[in-house]
Structures are given as C-alpha cells and as structure tokens.
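Q: The following file, final-v1.pdb, comprises PDB, C-alpha atoms, pLDDT in the B column:
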MODEL        1
ATOM      1  CA  ARG A 771     -61.336  34.539   2.011  1.00 76.00           C
ATOM      2  CA  CYS A 772     -58.851  35.949  -0.430  1.00 90.00           C
ATOM      3  CA  HIS A 773     -57.409  35.113  -3.818  1.00 96.00           C
ATOM      4  CA  LEU A 774     -53.823  36.212  -4.410  1.00 95.00           C
ATOM      5  CA  HIS A 775     -52.619  35.959  -8.004  1.00 95.00           C
ATOM      6  CA  SER A 776     -48.880  36.483  -8.498  1.00 95.00           C
ATOM      7  CA  LEU A 777     -47.496  37.798 -11.773  1.00 94.00           C
ATOM      8  CA  SER A 778     -43.900  37.444 -10.589  1.00 91.00           C
ATOM      9  CA  GLN A 779     -41.371  36.646 -13.297  1.00 86.00           C
ATOM     10  CA  LYS A 780     -38.555  35.765 -10.880  1.00 82.00           C
ATOM     11  CA  ASN A 781     -37.941  35.954  -7.123  1.00 83.00           C
ATOM     12  CA  GLY A 782     -41.232  37.651  -6.240  1.00 93.00           C
ATOM     13  CA  SER A 783     -42.799  37.414  -2.806  1.00 96.00           C
ATOM     14  CA  ILE A 784     -46.430  37.399  -1.761  1.00 96.00           C
ATOM     15  CA  THR A 785     -45.552  39.169   1.508  1.00 96.00           C
ATOM     16  CA  ALA A 786     -42.889  41.476   2.945  1.00 95.00           C
ATOM     17  CA  GLN A 787     -43.958  42.087   6.532  1.00 95.00           C
ATOM     18  CA  LYS A 788     -42.061  44.367   8.900  1.00 94.00           C
ATOM     19  CA  ARG A 789     -41.729  44.016  12.648  1.00 93.00           C
ATOM     20  CA  THR A 790     -38.953  45.818  14.488  1.00 91.00           C
ATOM     21  CA  SER A 791     -38.946  43.673  17.645  1.00 94.00           C
ATOM     22  CA  ALA A 792     -40.001  40.230  18.799  1.00 93.00           C
ATOM     23  CA  THR A 793     -42.561  41.764  21.169  1.00 92.00           C
ATOM     24  CA  GLU A 794     -44.323  43.886  18.552  1.00 89.00           C
ATOM     25  CA  LYS A 795     -47.894  42.642  18.123  1.00 84.00           C
ATOM     26  CA  SER A 796     -48.172  42.572  14.361  1.00 87.00           C
ATOM     27  CA  GLY A 797     -47.940  40.198  11.444  1.00 92.00           C
ATOM     28  CA  TYR A 798     -49.822  38.988   8.390  1.00 94.00           C
ATOM     29  CA  ILE A 799     -52.265  36.129   8.834  1.00 93.00           C
ATOM     30  CA  PHE A 800     -53.935  34.669   5.746  1.00 94.00           C
ATOM     31  CA  LEU A 801     -56.892  32.364   6.399  1.00 93.00           C
ATOM     32  CA  GLY A 802     -58.522  30.361   3.646  1.00 93.00           C
ATOM     33  CA  CYS A 803     -56.652  31.972   0.774  1.00 95.00           C
ATOM     34  CA  LYS A 804     -56.061  30.755  -2.740  1.00 97.00           C
ATOM     35  CA  LEU A 805     -52.604  31.428  -4.237  1.00 97.00           C
ATOM     36  CA  THR A 806     -52.294  31.217  -8.018  1.00 97.00           C
ATOM     37  CA  GLY A 807     -50.242  32.918 -10.704  1.00 95.00           C
ATOM     38  CA  SER A 808     -47.558  32.519 -13.299  1.00 91.00           C
ATOM     39  CA  GLY A 809     -43.876  31.903 -12.711  1.00 88.00           C
ATOM     40  CA  LEU A 810     -42.636  31.114  -9.210  1.00 94.00           C
ATOM     41  CA  THR A 811     -43.009  33.220  -6.102  1.00 96.00           C
ATOM     42  CA  PHE A 812     -42.088  32.968  -2.441  1.00 97.00           C
ATOM     43  CA  LEU A 813     -44.711  33.080   0.296  1.00 98.00           C
ATOM     44  CA  GLY A 814     -42.741  35.850   1.954  1.00 96.00           C
ATOM     45  CA  ARG A 815     -39.505  37.593   2.663  1.00 95.00           C
ATOM     46  CA  PRO A 816     -38.555  39.770   5.624  1.00 93.00           C
ATOM     47  CA  TRP A 817     -38.858  43.505   5.415  1.00 92.00           C
ATOM     48  CA  GLY A 818     -37.968  43.776   9.087  1.00 90.00           C
ATOM     49  CA  ALA A 819     -35.777  41.519  11.196  1.00 93.00           C
ATOM     50  CA  TYR A 820     -38.787  40.090  13.071  1.00 96.00           C
ATOM     51  CA  SER A 821     -41.127  39.576  10.117  1.00 96.00           C
ATOM     52  CA  ARG A 822     -44.112  37.339  10.968  1.00 96.00           C
ATOM     53  CA  VAL A 823     -46.423  35.687   8.408  1.00 97.00           C
ATOM     54  CA  VAL A 824     -48.777  32.726   8.754  1.00 97.00           C
ATOM     55  CA  PHE A 825     -50.870  31.030   6.082  1.00 97.00           C
ATOM     56  CA  ALA A 826     -53.640  28.747   7.370  1.00 96.00           C
ATOM     57  CA  TYR A 827     -56.217  26.624   5.570  1.00 96.00           C
ATOM     58  CA  SER A 828     -54.955  27.998   2.258  1.00 96.00           C
ATOM     59  CA  PHE A 829     -54.647  26.468  -1.216  1.00 98.00           C
ATOM     60  CA  PHE A 830     -51.209  26.846  -2.796  1.00 98.00           C
ATOM     61  CA  SER A 831     -50.967  26.208  -6.538  1.00 97.00           C
ATOM     62  CA  ASP A 832     -47.631  25.239  -8.061  1.00 96.00           C
ATOM     63  CA  VAL A 833     -46.741  28.941  -8.303  1.00 96.00           C
ATOM     64  CA  VAL A 834     -45.272  28.707  -4.757  1.00 97.00           C
ATOM     65  CA  ALA A 835     -41.518  28.079  -4.856  1.00 96.00           C
ATOM     66  CA  PRO A 836     -40.613  24.758  -3.201  1.00 97.00           C
ATOM     67  CA  GLN A 837     -38.462  26.587  -0.603  1.00 97.00           C
ATOM     68  CA  GLY A 838     -41.537  28.643   0.314  1.00 97.00           C
ATOM     69  CA  TRP A 839     -39.735  31.505   2.043  1.00 98.00           C
ATOM     70  CA  ASN A 840     -36.735  33.738   1.309  1.00 96.00           C
ATOM     71  CA  GLU A 841     -34.365  35.430   3.808  1.00 93.00           C
ATOM     72  CA  TRP A 842     -33.807  38.295   1.313  1.00 91.00           C
ATOM     73  CA  ARG A 843     -30.011  38.043   1.166  1.00 90.00           C
ATOM     74  CA  ASP A 844     -29.653  38.319   4.960  1.00 92.00           C
ATOM     75  CA  PRO A 845     -28.993  34.907   6.562  1.00 92.00           C
ATOM     76  CA  SER A 846     -29.149  36.421  10.079  1.00 93.00           C
ATOM     77  CA  LYS A 847     -32.923  36.867   9.683  1.00 93.00           C
ATOM     78  CA  LYS A 848     -33.386  33.091   9.699  1.00 94.00           C
ATOM     79  CA  ASP A 849     -33.051  33.280  13.494  1.00 95.00           C
ATOM     80  CA  THR A 850     -35.592  36.071  14.039  1.00 96.00           C
ATOM     81  CA  VAL A 851     -38.404  35.728  11.472  1.00 97.00           C
ATOM     82  CA  TYR A 852     -41.561  33.699  12.102  1.00 96.00           C
ATOM     83  CA  TYR A 853     -42.991  32.056   8.987  1.00 98.00           C
ATOM     84  CA  GLY A 854     -45.640  29.417   9.497  1.00 98.00           C
ATOM     85  CA  GLU A 855     -48.050  27.246   7.576  1.00 98.00           C
ATOM     86  CA  TYR A 856     -51.059  25.466   9.026  1.00 97.00           C
ATOM     87  CA  LYS A 857     -53.214  22.924   7.246  1.00 97.00           C
ATOM     88  CA  CYS A 858     -52.455  24.319   3.786  1.00 97.00           C
ATOM     89  CA  TYR A 859     -53.009  22.139   0.739  1.00 97.00           C
ATOM     90  CA  GLY A 860     -52.420  21.904  -3.000  1.00 98.00           C
ATOM     91  CA  PRO A 861     -49.307  21.258  -5.090  1.00 98.00           C
ATOM     92  CA  GLY A 862     -47.447  24.284  -3.672  1.00 98.00           C
ATOM     93  CA  ALA A 863     -48.059  23.218  -0.053  1.00 98.00           C
ATOM     94  CA  ASP A 864     -45.582  20.331  -0.176  1.00 97.00           C
ATOM     95  CA  ARG A 865     -43.135  21.123   2.646  1.00 97.00           C
ATOM     96  CA  THR A 866     -40.443  18.565   1.746  1.00 97.00           C
ATOM     97  CA  GLN A 867     -38.183  21.287   0.248  1.00 98.00           C
ATOM     98  CA  ARG A 868     -39.198  24.155   2.556  1.00 98.00           C
ATOM     99  CA  VAL A 869     -36.476  26.166   4.248  1.00 97.00           C
ATOM    100  CA  LYS A 870     -35.744  24.610   7.632  1.00 96.00           C
ATOM    101  CA  TRP A 871     -36.397  27.872   9.498  1.00 96.00           C
ATOM    102  CA  SER A 872     -40.066  28.006   8.503  1.00 98.00           C
ATOM    103  CA  LYS A 873     -42.634  26.218  10.619  1.00 97.00           C
ATOM    104  CA  GLN A 874     -45.355  23.646  10.072  1.00 98.00           C
ATOM    105  CA  LEU A 875     -47.588  24.802  12.921  1.00 98.00           C
ATOM    106  CA  SER A 876     -49.207  22.407  15.363  1.00 98.00           C
ATOM    107  CA  ASP A 877     -52.814  22.919  16.473  1.00 96.00           C
ATOM    108  CA  ASP A 878     -51.578  24.635  19.651  1.00 96.00           C
ATOM    109  CA  GLU A 879     -49.150  26.921  17.815  1.00 96.00           C
ATOM    110  CA  ALA A 880     -51.803  27.938  15.259  1.00 96.00           C
ATOM    111  CA  THR A 881     -54.516  28.755  17.820  1.00 93.00           C
ATOM    112  CA  VAL A 882     -53.152  32.218  18.634  1.00 90.00           C
ATOM    113  CA  PHE A 883     -53.262  33.215  14.953  1.00 90.00           C
ATOM    114  CA  LEU A 884     -56.799  31.943  14.323  1.00 88.00           C
ATOM    115  CA  SER A 885     -58.508  34.341  16.708  1.00 82.00           C
ATOM    116  CA  LYS A 886     -59.567  37.989  16.519  1.00 74.00           C
ATOM    117  CA  ASP A 887     -57.529  38.436  19.702  1.00 77.00           C
ATOM    118  CA  PHE A 888     -54.312  38.378  17.652  1.00 75.00           C
ATOM    119  CA  ILE A 889     -55.222  41.752  16.120  1.00 74.00           C
ATOM    120  CA  GLY A 890     -57.181  43.110  19.104  1.00 73.00           C
ATOM    121  CA  GLY A 891     -60.242  42.591  16.942  1.00 74.00           C
ATOM    122  CA  LYS A 892     -62.705  42.437  19.821  1.00 75.00           C
ATOM    123  CA  ASP A 893     -62.002  46.139  20.339  1.00 78.00           C
ATOM    124  CA  TRP A 894     -62.697  47.321  16.790  1.00 73.00           C
ATOM    125  CA  LEU A 895     -64.397  44.605  14.731  1.00 71.00           C
ATOM    126  CA  ARG A 896     -68.154  44.223  14.892  1.00 75.00           C
ATOM    127  CA  PRO A 897     -69.270  41.059  16.632  1.00 73.00           C
ATOM    128  CA  ALA A 898     -70.772  38.305  14.517  1.00 67.00           C
ATOM    129  CA  PRO A 899     -74.554  38.614  14.307  1.00 68.00           C
ATOM    130  CA  SER A 900     -76.441  36.559  16.869  1.00 71.00           C
ATOM    131  CA  HIS A 901     -79.745  36.515  14.999  1.00 69.00           C
ATOM    132  CA  PHE A 902     -80.903  36.915  11.442  1.00 66.00           C
ATOM    133  CA  LYS A 903     -84.031  38.298   9.876  1.00 63.00           C
ATOM    134  CA  ASN A 904     -86.040  35.883   7.805  1.00 65.00           C
ATOM    135  CA  ALA A 905     -85.979  36.609   4.096  1.00 59.00           C
ATOM    136  CA  PRO A 906     -89.296  37.862   2.749  1.00 66.00           C
ATOM    137  CA  LYS A 907     -91.432  35.074   1.398  1.00 70.00           C
ATOM    138  CA  SER A 908     -91.836  35.126  -2.325  1.00 65.00           C
ATOM    139  CA  ASN A 909     -95.290  34.966  -3.856  1.00 67.00           C
ATOM    140  CA  PRO A 910     -95.777  31.769  -5.823  1.00 64.00           C
ATOM    141  CA  THR A 911     -96.876  32.432  -9.364  1.00 59.00           C
TER     142      THR A 911
ENDMDL
END
So, in terms of structure tokens, how does the structure I just supplied come out?
A:
Amino acid sequence: RCHLHSLSQKNGSITAQKRTSATEKSGYIFLGCKLTGSGLTFLGRPWGAYSRVVFAYSFFSDVVAPQGWNEWRDPSKKDTVYYGEYKCYGPGADRTQRVKWSKQLSDDEATVFLSKDFIGGKDWLRPAPSHFKNAPKSNPT
C-alpha cells in the first residue's frame, strides 16, 4: 500500500514513466494506493513514447484532474502510451471526463499487472511465508 500526496500548484503529474519501445518490460503499477493533495494533478504524463502506468484498487481524492492523464504537449504519444485504471474509487476516479486514450481495464486486461510475473518478481522477491510462528502467550496478571 502507498499514500501519494501531491503538492502540485498547476499541471503536476504523479508519474512520468519512460519506456523506449512497446516490447520493453517495464512500467509503473500502483496497487491499493491513496492519492491526496492540494491543487490538481494528473495521474501521469509520458517521459518516453511508450510510457506505461496502471493504477488498480486505488482511492483517488478530488486532487486528480478530471482528464486524468496528460500527453505532455506531444499529441503523437496518445497512440503509444498505455495508461490504465482498474477498480479505482473516490471522487477523483470518475472517468466521465478522462482522456479517450486512457483505459478502464477489464478483469482480463488487469490480470497481467496484478501479478509478480509482470516484474519478474518470482526471480528476486521472497515468496510469501507458508507458515507462521505462534506469538508467545502472555501471562495473565
């Protein structure tokens, strides 16, 4: 879980991810985040032509600009970036004014981003524990 608090005065962005090709296996995935702040901010803007960012199961306060995403003064990036939202909620999660080139992900589309496989995590992240020690019993007084 994360809590991102934007102090943007104008035209800030939570993310600026860079990918140099559509086949590059990188991107920012935010699961279960809380976005708050002052002023308005975008969820992201492209640093590279193939920028990829997904927010899932996240709370968006009204700090999120209604458009959600910004092409950073380069309309050609609308065709190459991948910006998605999945089961986000809160006043800033209303997608009625979102830019048309962002995605409301389906269950199938989101699956790839909700796994450690997306970041090759099975190779470098410790596995989840399979058993737990019992906490020591306290002495009643």
Q: For range 848-864 of chain A, work out the shell of residues within 6 Å, counting all atoms listed in the file and skipping chain neighbours fewer than 3 positions away, then give it as number ranges by chain.
A: A: 820-832, 834, 845, 872-875
Q: Would you translate the PyMOL selection byres ((chain A and resi 781-798) around 7) into the concrete set of residues it matches in this file, as an MDAnalysis selection string?
A: chainID A and resid 778 780 799:800 811:824
Q: With distances taken over only C-alpha atoms, which residue among A:Ile889, A:Leu810, A:Ala835, A:Leu801 lies nearest Arg868 in chain A?
A: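 Using only C-alpha atoms, the shortest distance to Arg868 in chain A belongs to A:Ala835.
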Q: Quick one: residues within 9 Å of Gln837 in chain A, only C-alpha atoms counted, chain neighbours fewer than 4 positions away excluded, as a list in words?
A: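 Within the cut-off, the hits are Phe812, Arg865, Thr866, Gln867, Arg868, Val869 and Lys870 of chain A.
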Q: With C-alpha atoms retained, write the just-selected residues as a compact mmCIF listing (two decimals), keeping the file's coordinate frame.
A:
# COMPACT_ATOMS: atom_id res chain seq x y z
CA PHE A 812 -42.09 32.97 -2.44
CA ARG A 865 -43.14 21.12 2.65
CA THR A 866 -40.44 18.57 1.75
CA GLN A 867 -38.18 21.29 0.25
CA ARG A 868 -39.20 24.16 2.56
CA VAL A 869 -36.48 26.17 4.25
CA LYS A 870 -35.74 24.61 7.63
Q: Counting all atoms listed in the file, which residues sit no farther than 6 Å from the position (-51.6, 30.4, -5.9) in the file's frame? I'd like them as an MDAnalysis selection string.
A: chainID A and resid 804:807 830:831 833
